[in-house]
file input28.pdb (PDB, C-alpha atoms, pLDDT in the B column)
ATOM      1  CA  MET A   1       0.000   0.000   0.000  1.00 75.00           C
ATOM      2  CA  ILE A   2       1.236   3.512  -0.862  1.00 79.00           C
ATOM      3  CA  ASP A   3       1.597   5.991   1.999  1.00 80.00           C
ATOM      4  CA  LEU A   4       0.203   9.359   0.920  1.00 75.00           C
ATOM      5  CA  SER A   5       0.293  10.975   4.354  1.00 77.00           C
ATOM      6  CA  ASP A   6       3.302  13.178   3.541  1.00 80.00           C
ATOM      7  CA  LEU A   7       1.727  14.805   0.477  1.00 76.00           C
ATOM      8  CA  PRO A   8       0.960  18.516   0.697  1.00 76.00           C
ATOM      9  CA  PRO A   9      -2.675  19.549   1.119  1.00 70.00           C
ATOM     10  CA  PRO A  10      -4.698  20.016  -2.059  1.00 65.00           C
ATOM     11  CA  VAL A  11      -4.540  23.347  -3.818  1.00 65.00           C
ATOM     12  CA  PRO A  12      -7.430  25.635  -2.881  1.00 73.00           C
ATOM     13  CA  GLU A  13     -10.021  26.207  -5.576  1.00 87.00           C
ATOM     14  CA  ALA A  14      -9.458  29.181  -7.814  1.00 88.00           C
ATOM     15  CA  LEU A  15     -11.337  32.399  -7.225  1.00 92.00           C
ATOM     16  CA  VAL A  16     -13.484  33.566 -10.103  1.00 93.00           C
ATOM     17  CA  PHE A  17     -13.721  37.262 -10.767  1.00 94.00           C
ATOM     18  CA  TYR A  18     -15.291  39.278 -13.543  1.00 96.00           C
ATOM     19  CA  VAL A  19     -13.870  42.514 -14.943  1.00 96.00           C
ATOM     20  CA  GLU A  20     -15.940  45.087 -16.775  1.00 97.00           C
ATOM     21  CA  LEU A  21     -14.087  45.877 -19.999  1.00 95.00           C
ATOM     22  CA  GLN A  22     -14.784  47.329 -23.375  1.00 93.00           C
ATOM     23  CA  GLU A  23     -14.432  44.706 -26.095  1.00 91.00           C
ATOM     24  CA  LYS A  24     -11.620  46.652 -27.786  1.00 94.00           C
ATOM     25  CA  ASP A  25      -9.481  46.395 -24.610  1.00 95.00           C
ATOM     26  CA  VAL A  26      -9.752  42.642 -24.044  1.00 92.00           C
ATOM     27  CA  HIS A  27      -6.552  41.721 -25.921  1.00 92.00           C
ATOM     28  CA  PHE A  28      -4.464  44.302 -24.071  1.00 93.00           C
ATOM     29  CA  PHE A  29      -5.963  43.193 -20.745  1.00 93.00           C
ATOM     30  CA  ASP A  30      -5.234  39.547 -21.530  1.00 89.00           C
ATOM     31  CA  SER A  31      -1.619  40.265 -22.538  1.00 89.00           C
ATOM     32  CA  ALA A  32      -0.948  42.535 -19.561  1.00 88.00           C
ATOM     33  CA  LEU A  33      -2.205  39.953 -17.069  1.00 85.00           C
ATOM     34  CA  LYS A  34      -0.118  37.198 -18.618  1.00 82.00           C
ATOM     35  CA  ALA A  35       2.973  39.436 -18.414  1.00 83.00           C
ATOM     36  CA  PHE A  36       2.645  39.642 -14.608  1.00 76.00           C
ATOM     37  CA  ASN A  37       3.875  36.215 -13.427  1.00 68.00           C
ATOM     38  CA  HIS A  38       0.956  34.346 -14.993  1.00 73.00           C
ATOM     39  CA  CYS A  39      -1.004  34.814 -11.736  1.00 77.00           C
ATOM     40  CA  VAL A  40      -4.308  35.087 -13.558  1.00 83.00           C
ATOM     41  CA  ASN A  41      -5.945  32.863 -16.110  1.00 83.00           C
ATOM     42  CA  PRO A  42      -8.025  35.315 -18.163  1.00 83.00           C
ATOM     43  CA  ARG A  43     -10.884  33.825 -20.134  1.00 84.00           C
ATOM     44  CA  ARG A  44     -12.933  35.086 -23.041  1.00 80.00           C
ATOM     45  CA  ASP A  45     -16.132  34.025 -21.297  1.00 88.00           C
ATOM     46  CA  VAL A  46     -18.513  36.963 -21.183  1.00 92.00           C
ATOM     47  CA  LYS A  47     -21.256  37.673 -18.691  1.00 93.00           C
ATOM     48  CA  LEU A  48     -23.799  40.480 -18.752  1.00 93.00           C
ATOM     49  CA  ILE A  49     -24.290  42.011 -15.314  1.00 91.00           C
ATOM     50  CA  ASN A  50     -26.788  44.875 -15.134  1.00 92.00           C
ATOM     51  CA  GLY A  51     -26.394  45.372 -18.886  1.00 93.00           C
ATOM     52  CA  LYS A  52     -22.595  45.691 -18.691  1.00 94.00           C
ATOM     53  CA  LEU A  53     -20.058  43.367 -20.357  1.00 94.00           C
ATOM     54  CA  PHE A  54     -17.804  41.460 -17.916  1.00 97.00           C
ATOM     55  CA  TYR A  55     -14.971  39.032 -18.706  1.00 95.00           C
ATOM     56  CA  LYS A  56     -14.261  35.993 -16.555  1.00 93.00           C
ATOM     57  CA  ASN A  57     -10.884  35.362 -14.869  1.00 92.00           C
ATOM     58  CA  TYR A  58      -9.461  32.754 -12.507  1.00 90.00           C
ATOM     59  CA  VAL A  59      -6.868  33.379  -9.812  1.00 90.00           C
ATOM     60  CA  SER A  60      -5.436  31.398  -6.928  1.00 88.00           C
ATOM     61  CA  PRO A  61      -6.688  32.781  -3.599  1.00 90.00           C
ATOM     62  CA  ASP A  62      -3.050  33.290  -2.576  1.00 88.00           C
ATOM     63  CA  PHE A  63      -2.492  35.670  -5.497  1.00 89.00           C
ATOM     64  CA  TRP A  64      -5.703  37.717  -5.159  1.00 92.00           C
ATOM     65  CA  PRO A  65      -4.080  40.651  -3.257  1.00 93.00           C
ATOM     66  CA  GLU A  66      -1.282  40.838  -5.849  1.00 91.00           C
ATOM     67  CA  VAL A  67      -3.785  40.675  -8.706  1.00 91.00           C
ATOM     68  CA  GLN A  68      -5.735  43.586  -7.228  1.00 93.00           C
ATOM     69  CA  ASN A  69      -2.535  45.665  -7.413  1.00 93.00           C
ATOM     70  CA  ILE A  70      -1.948  44.538 -11.000  1.00 92.00           C
ATOM     71  CA  LEU A  71      -5.479  45.562 -11.954  1.00 94.00           C
ATOM     72  CA  GLU A  72      -4.844  49.041 -10.527  1.00 95.00           C
ATOM     73  CA  THR A  73      -1.709  49.297 -12.675  1.00 94.00           C
ATOM     74  CA  ILE A  74      -3.573  48.181 -15.800  1.00 94.00           C
ATOM     75  CA  ARG A  75      -6.239  50.828 -15.072  1.00 96.00           C
ATOM     76  CA  GLN A  76      -3.607  53.439 -15.934  1.00 96.00           C
ATOM     77  CA  TYR A  77      -3.677  52.201 -19.554  1.00 95.00           C
ATOM     78  CA  ILE A  78      -7.227  51.025 -20.258  1.00 96.00           C
ATOM     79  CA  PRO A  79     -10.587  51.770 -18.671  1.00 96.00           C
ATOM     80  CA  ILE A  80     -11.555  48.990 -16.284  1.00 97.00           C
ATOM     81  CA  GLY A  81     -15.000  49.288 -14.779  1.00 96.00           C
ATOM     82  CA  ASP A  82     -16.356  47.233 -11.924  1.00 96.00           C
ATOM     83  CA  ILE A  83     -14.682  44.085 -10.638  1.00 95.00           C
ATOM     84  CA  VAL A  84     -16.995  41.397  -9.284  1.00 95.00           C
ATOM     85  CA  LEU A  85     -15.616  38.574  -7.151  1.00 93.00           C
ATOM     86  CA  GLU A  86     -17.794  35.469  -7.397  1.00 89.00           C
ATOM     87  CA  ARG A  87     -18.478  33.872  -4.041  1.00 74.00           C
TER      88      ARG A  87
END
call {"tool": "encode", "arguments": {"input": "input28.pdb", "output": "structure tokens"}}
result
Amino acid sequence: MIDLSDLPPPVPEALVFYVELQEKDVHFFDSALKAFNHCVNPRRDVKLINGKLFYKNYVSPDFWPEVQNILETIRQYIPIGDIVLER
């Protein structure tokens, strides 16, 4: 029998967050996020929330504070609207 007791705990589930973006800014947003340590897995999944266009992203809970800082930096270059963290 294999002893698995010394394995690390499982990775926590990714957080899902949505970012309000204009369609023309999606490629820049995607590239900018990937340039920062690949902390975020941006998706092209779209969700309408209150009539606004939001794009889906995944991030490890451990990286969420860092990603919030990255989003503030990206806001200097493209308009980012609301950010919705899915619970």
call {"tool": "closest_residue", "arguments": {"input": "input28.pdb", "among": "A:Leu7, A:Ala32, A:Met1, A:Leu21", "to": "Ile80 of chain A", "atoms": "all atoms listed in the file"}}
result
A:Leu21
call {"tool": "residues_around", "arguments": {"input": "input28.pdb", "residues": "Ile83 of chain A", "least_positions_apart": "5", "cutoff": "10 Å", "atoms": "only C-alpha atoms", "output": "list in words"}}
result
Phe17, Tyr18, Val19, Glu20, Leu21, Phe54, Tyr55, Gln68 and Leu71 of chain A
call {"tool": "atom_distance", "arguments": {"input": "input28.pdb", "atom1": "atom CA of Val46 of chain A", "atom2": "atom CA of Ala14 of chain A"}}
result
17.9 Å
call {"tool": "closest_residue", "arguments": {"input": "input28.pdb", "among": "A:Ile78, A:Asp25, A:Pro42, A:Thr73", "to": "Tyr58 of chain A", "atoms": "all atoms listed in the file"}}
result
A:Pro42
call {"tool": "residues_near_point", "arguments": {"input": "input28.pdb", "point": "(-6.8, 38.6, -3.3)", "cutoff": "12 Å", "atoms": "only C-alpha atoms", "output": "list in words"}}
result
Ala14, Leu15, Val16, Phe17, Cys39, Val40, Tyr58, Val59, Ser60, Pro61, Asp62, Phe63, Trp64, Pro65, Glu66, Val67, Gln68, Asn69, Ile70, Leu71 and Leu85 of chain A
call {"tool": "closest_residue", "arguments": {"input": "input28.pdb", "among": "A:Gln22, A:Ser31, A:Glu72, A:Asn57", "to": "Arg43 of chain A", "atoms": "all atoms listed in the file"}}
result
A:Asn57
call {"tool": "atom_distance", "arguments": {"input": "input28.pdb", "atom1": "atom CA of Lys47 of chain A", "atom2": "atom CA of Gly81 of chain A"}}
result
13.8 Å
call {"tool": "axis_aligned_box", "arguments": {"input": "input28.pdb", "around": "segment 61-74 of chain A", "padding_each_side": "6 Å", "output": "JSON"}}
result
{"center_x": -4.0, "center_y": 41.0, "center_z": -9.2, "size_x": 17.4, "size_y": 28.5, "size_z": 25.2}
call {"tool": "atom_distance", "arguments": {"input": "input28.pdb", "atom1": "atom CA of Glu13 of chain A", "atom2": "atom CA of Asn41 of chain A"}}
result
13.1 Å
call {"tool": "decode", "arguments": {"input": "input28.pdb", "residues": "chain A", "atoms": "C-alpha atoms", "output": "JSON list (two decimals), in the first residue's frame"}}
result
[["chain", "number", "residue", "atom", "x", "y", "z"],
["A", 1, "MET", "CA", 0.00, 0.00, 0.00],
["A", 2, "ILE", "CA", 1.24, 3.51, -0.86],
["A", 3, "ASP", "CA", 1.60, 5.99, 2.00],
["A", 4, "LEU", "CA", 0.20, 9.36, 0.92],
["A", 5, "SER", "CA", 0.29, 10.98, 4.35],
["A", 6, "ASP", "CA", 3.30, 13.18, 3.54],
["A", 7, "LEU", "CA", 1.73, 14.81, 0.48],
["A", 8, "PRO", "CA", 0.96, 18.52, 0.70],
["A", 9, "PRO", "CA", -2.68, 19.55, 1.12],
["A", 10, "PRO", "CA", -4.70, 20.02, -2.06],
["A", 11, "VAL", "CA", -4.54, 23.35, -3.82],
["A", 12, "PRO", "CA", -7.43, 25.64, -2.88],
["A", 13, "GLU", "CA", -10.02, 26.21, -5.58],
["A", 14, "ALA", "CA", -9.46, 29.18, -7.81],
["A", 15, "LEU", "CA", -11.34, 32.40, -7.23],
["A", 16, "VAL", "CA", -13.48, 33.57, -10.10],
["A", 17, "PHE", "CA", -13.72, 37.26, -10.77],
["A", 18, "TYR", "CA", -15.29, 39.28, -13.54],
["A", 19, "VAL", "CA", -13.87, 42.51, -14.94],
["A", 20, "GLU", "CA", -15.94, 45.09, -16.77],
["A", 21, "LEU", "CA", -14.09, 45.88, -20.00],
["A", 22, "GLN", "CA", -14.78, 47.33, -23.37],
["A", 23, "GLU", "CA", -14.43, 44.71, -26.10],
["A", 24, "LYS", "CA", -11.62, 46.65, -27.79],
["A", 25, "ASP", "CA", -9.48, 46.40, -24.61],
["A", 26, "VAL", "CA", -9.75, 42.64, -24.04],
["A", 27, "HIS", "CA", -6.55, 41.72, -25.92],
["A", 28, "PHE", "CA", -4.46, 44.30, -24.07],
["A", 29, "PHE", "CA", -5.96, 43.19, -20.74],
["A", 30, "ASP", "CA", -5.23, 39.55, -21.53],
["A", 31, "SER", "CA", -1.62, 40.27, -22.54],
["A", 32, "ALA", "CA", -0.95, 42.54, -19.56],
["A", 33, "LEU", "CA", -2.20, 39.95, -17.07],
["A", 34, "LYS", "CA", -0.12, 37.20, -18.62],
["A", 35, "ALA", "CA", 2.97, 39.44, -18.41],
["A", 36, "PHE", "CA", 2.64, 39.64, -14.61],
["A", 37, "ASN", "CA", 3.87, 36.21, -13.43],
["A", 38, "HIS", "CA", 0.96, 34.35, -14.99],
["A", 39, "CYS", "CA", -1.00, 34.81, -11.74],
["A", 40, "VAL", "CA", -4.31, 35.09, -13.56],
["A", 41, "ASN", "CA", -5.94, 32.86, -16.11],
["A", 42, "PRO", "CA", -8.02, 35.31, -18.16],
["A", 43, "ARG", "CA", -10.88, 33.83, -20.13],
["A", 44, "ARG", "CA", -12.93, 35.09, -23.04],
["A", 45, "ASP", "CA", -16.13, 34.02, -21.30],
["A", 46, "VAL", "CA", -18.51, 36.96, -21.18],
["A", 47, "LYS", "CA", -21.26, 37.67, -18.69],
["A", 48, "LEU", "CA", -23.80, 40.48, -18.75],
["A", 49, "ILE", "CA", -24.29, 42.01, -15.31],
["A", 50, "ASN", "CA", -26.79, 44.87, -15.13],
["A", 51, "GLY", "CA", -26.39, 45.37, -18.89],
["A", 52, "LYS", "CA", -22.59, 45.69, -18.69],
["A", 53, "LEU", "CA", -20.06, 43.37, -20.36],
["A", 54, "PHE", "CA", -17.80, 41.46, -17.92],
["A", 55, "TYR", "CA", -14.97, 39.03, -18.71],
["A", 56, "LYS", "CA", -14.26, 35.99, -16.55],
["A", 57, "ASN", "CA", -10.88, 35.36, -14.87],
["A", 58, "TYR", "CA", -9.46, 32.75, -12.51],
["A", 59, "VAL", "CA", -6.87, 33.38, -9.81],
["A", 60, "SER", "CA", -5.44, 31.40, -6.93],
["A", 61, "PRO", "CA", -6.69, 32.78, -3.60],
["A", 62, "ASP", "CA", -3.05, 33.29, -2.58],
["A", 63, "PHE", "CA", -2.49, 35.67, -5.50],
["A", 64, "TRP", "CA", -5.70, 37.72, -5.16],
["A", 65, "PRO", "CA", -4.08, 40.65, -3.26],
["A", 66, "GLU", "CA", -1.28, 40.84, -5.85],
["A", 67, "VAL", "CA", -3.79, 40.68, -8.71],
["A", 68, "GLN", "CA", -5.73, 43.59, -7.23],
["A", 69, "ASN", "CA", -2.54, 45.67, -7.41],
["A", 70, "ILE", "CA", -1.95, 44.54, -11.00],
["A", 71, "LEU", "CA", -5.48, 45.56, -11.95],
["A", 72, "GLU", "CA", -4.84, 49.04, -10.53],
["A", 73, "THR", "CA", -1.71, 49.30, -12.67],
["A", 74, "ILE", "CA", -3.57, 48.18, -15.80],
["A", 75, "ARG", "CA", -6.24, 50.83, -15.07],
["A", 76, "GLN", "CA", -3.61, 53.44, -15.93],
["A", 77, "TYR", "CA", -3.68, 52.20, -19.55],
["A", 78, "ILE", "CA", -7.23, 51.02, -20.26],
["A", 79, "PRO", "CA", -10.59, 51.77, -18.67],
["A", 80, "ILE", "CA", -11.56, 48.99, -16.28],
["A", 81, "GLY", "CA", -15.00, 49.29, -14.78],
["A", 82, "ASP", "CA", -16.36, 47.23, -11.92],
["A", 83, "ILE", "CA", -14.68, 44.09, -10.64],
["A", 84, "VAL", "CA", -16.99, 41.40, -9.28],
["A", 85, "LEU", "CA", -15.62, 38.57, -7.15],
["A", 86, "GLU", "CA", -17.79, 35.47, -7.40],
["A", 87, "ARG", "CA", -18.48, 33.87, -4.04]]
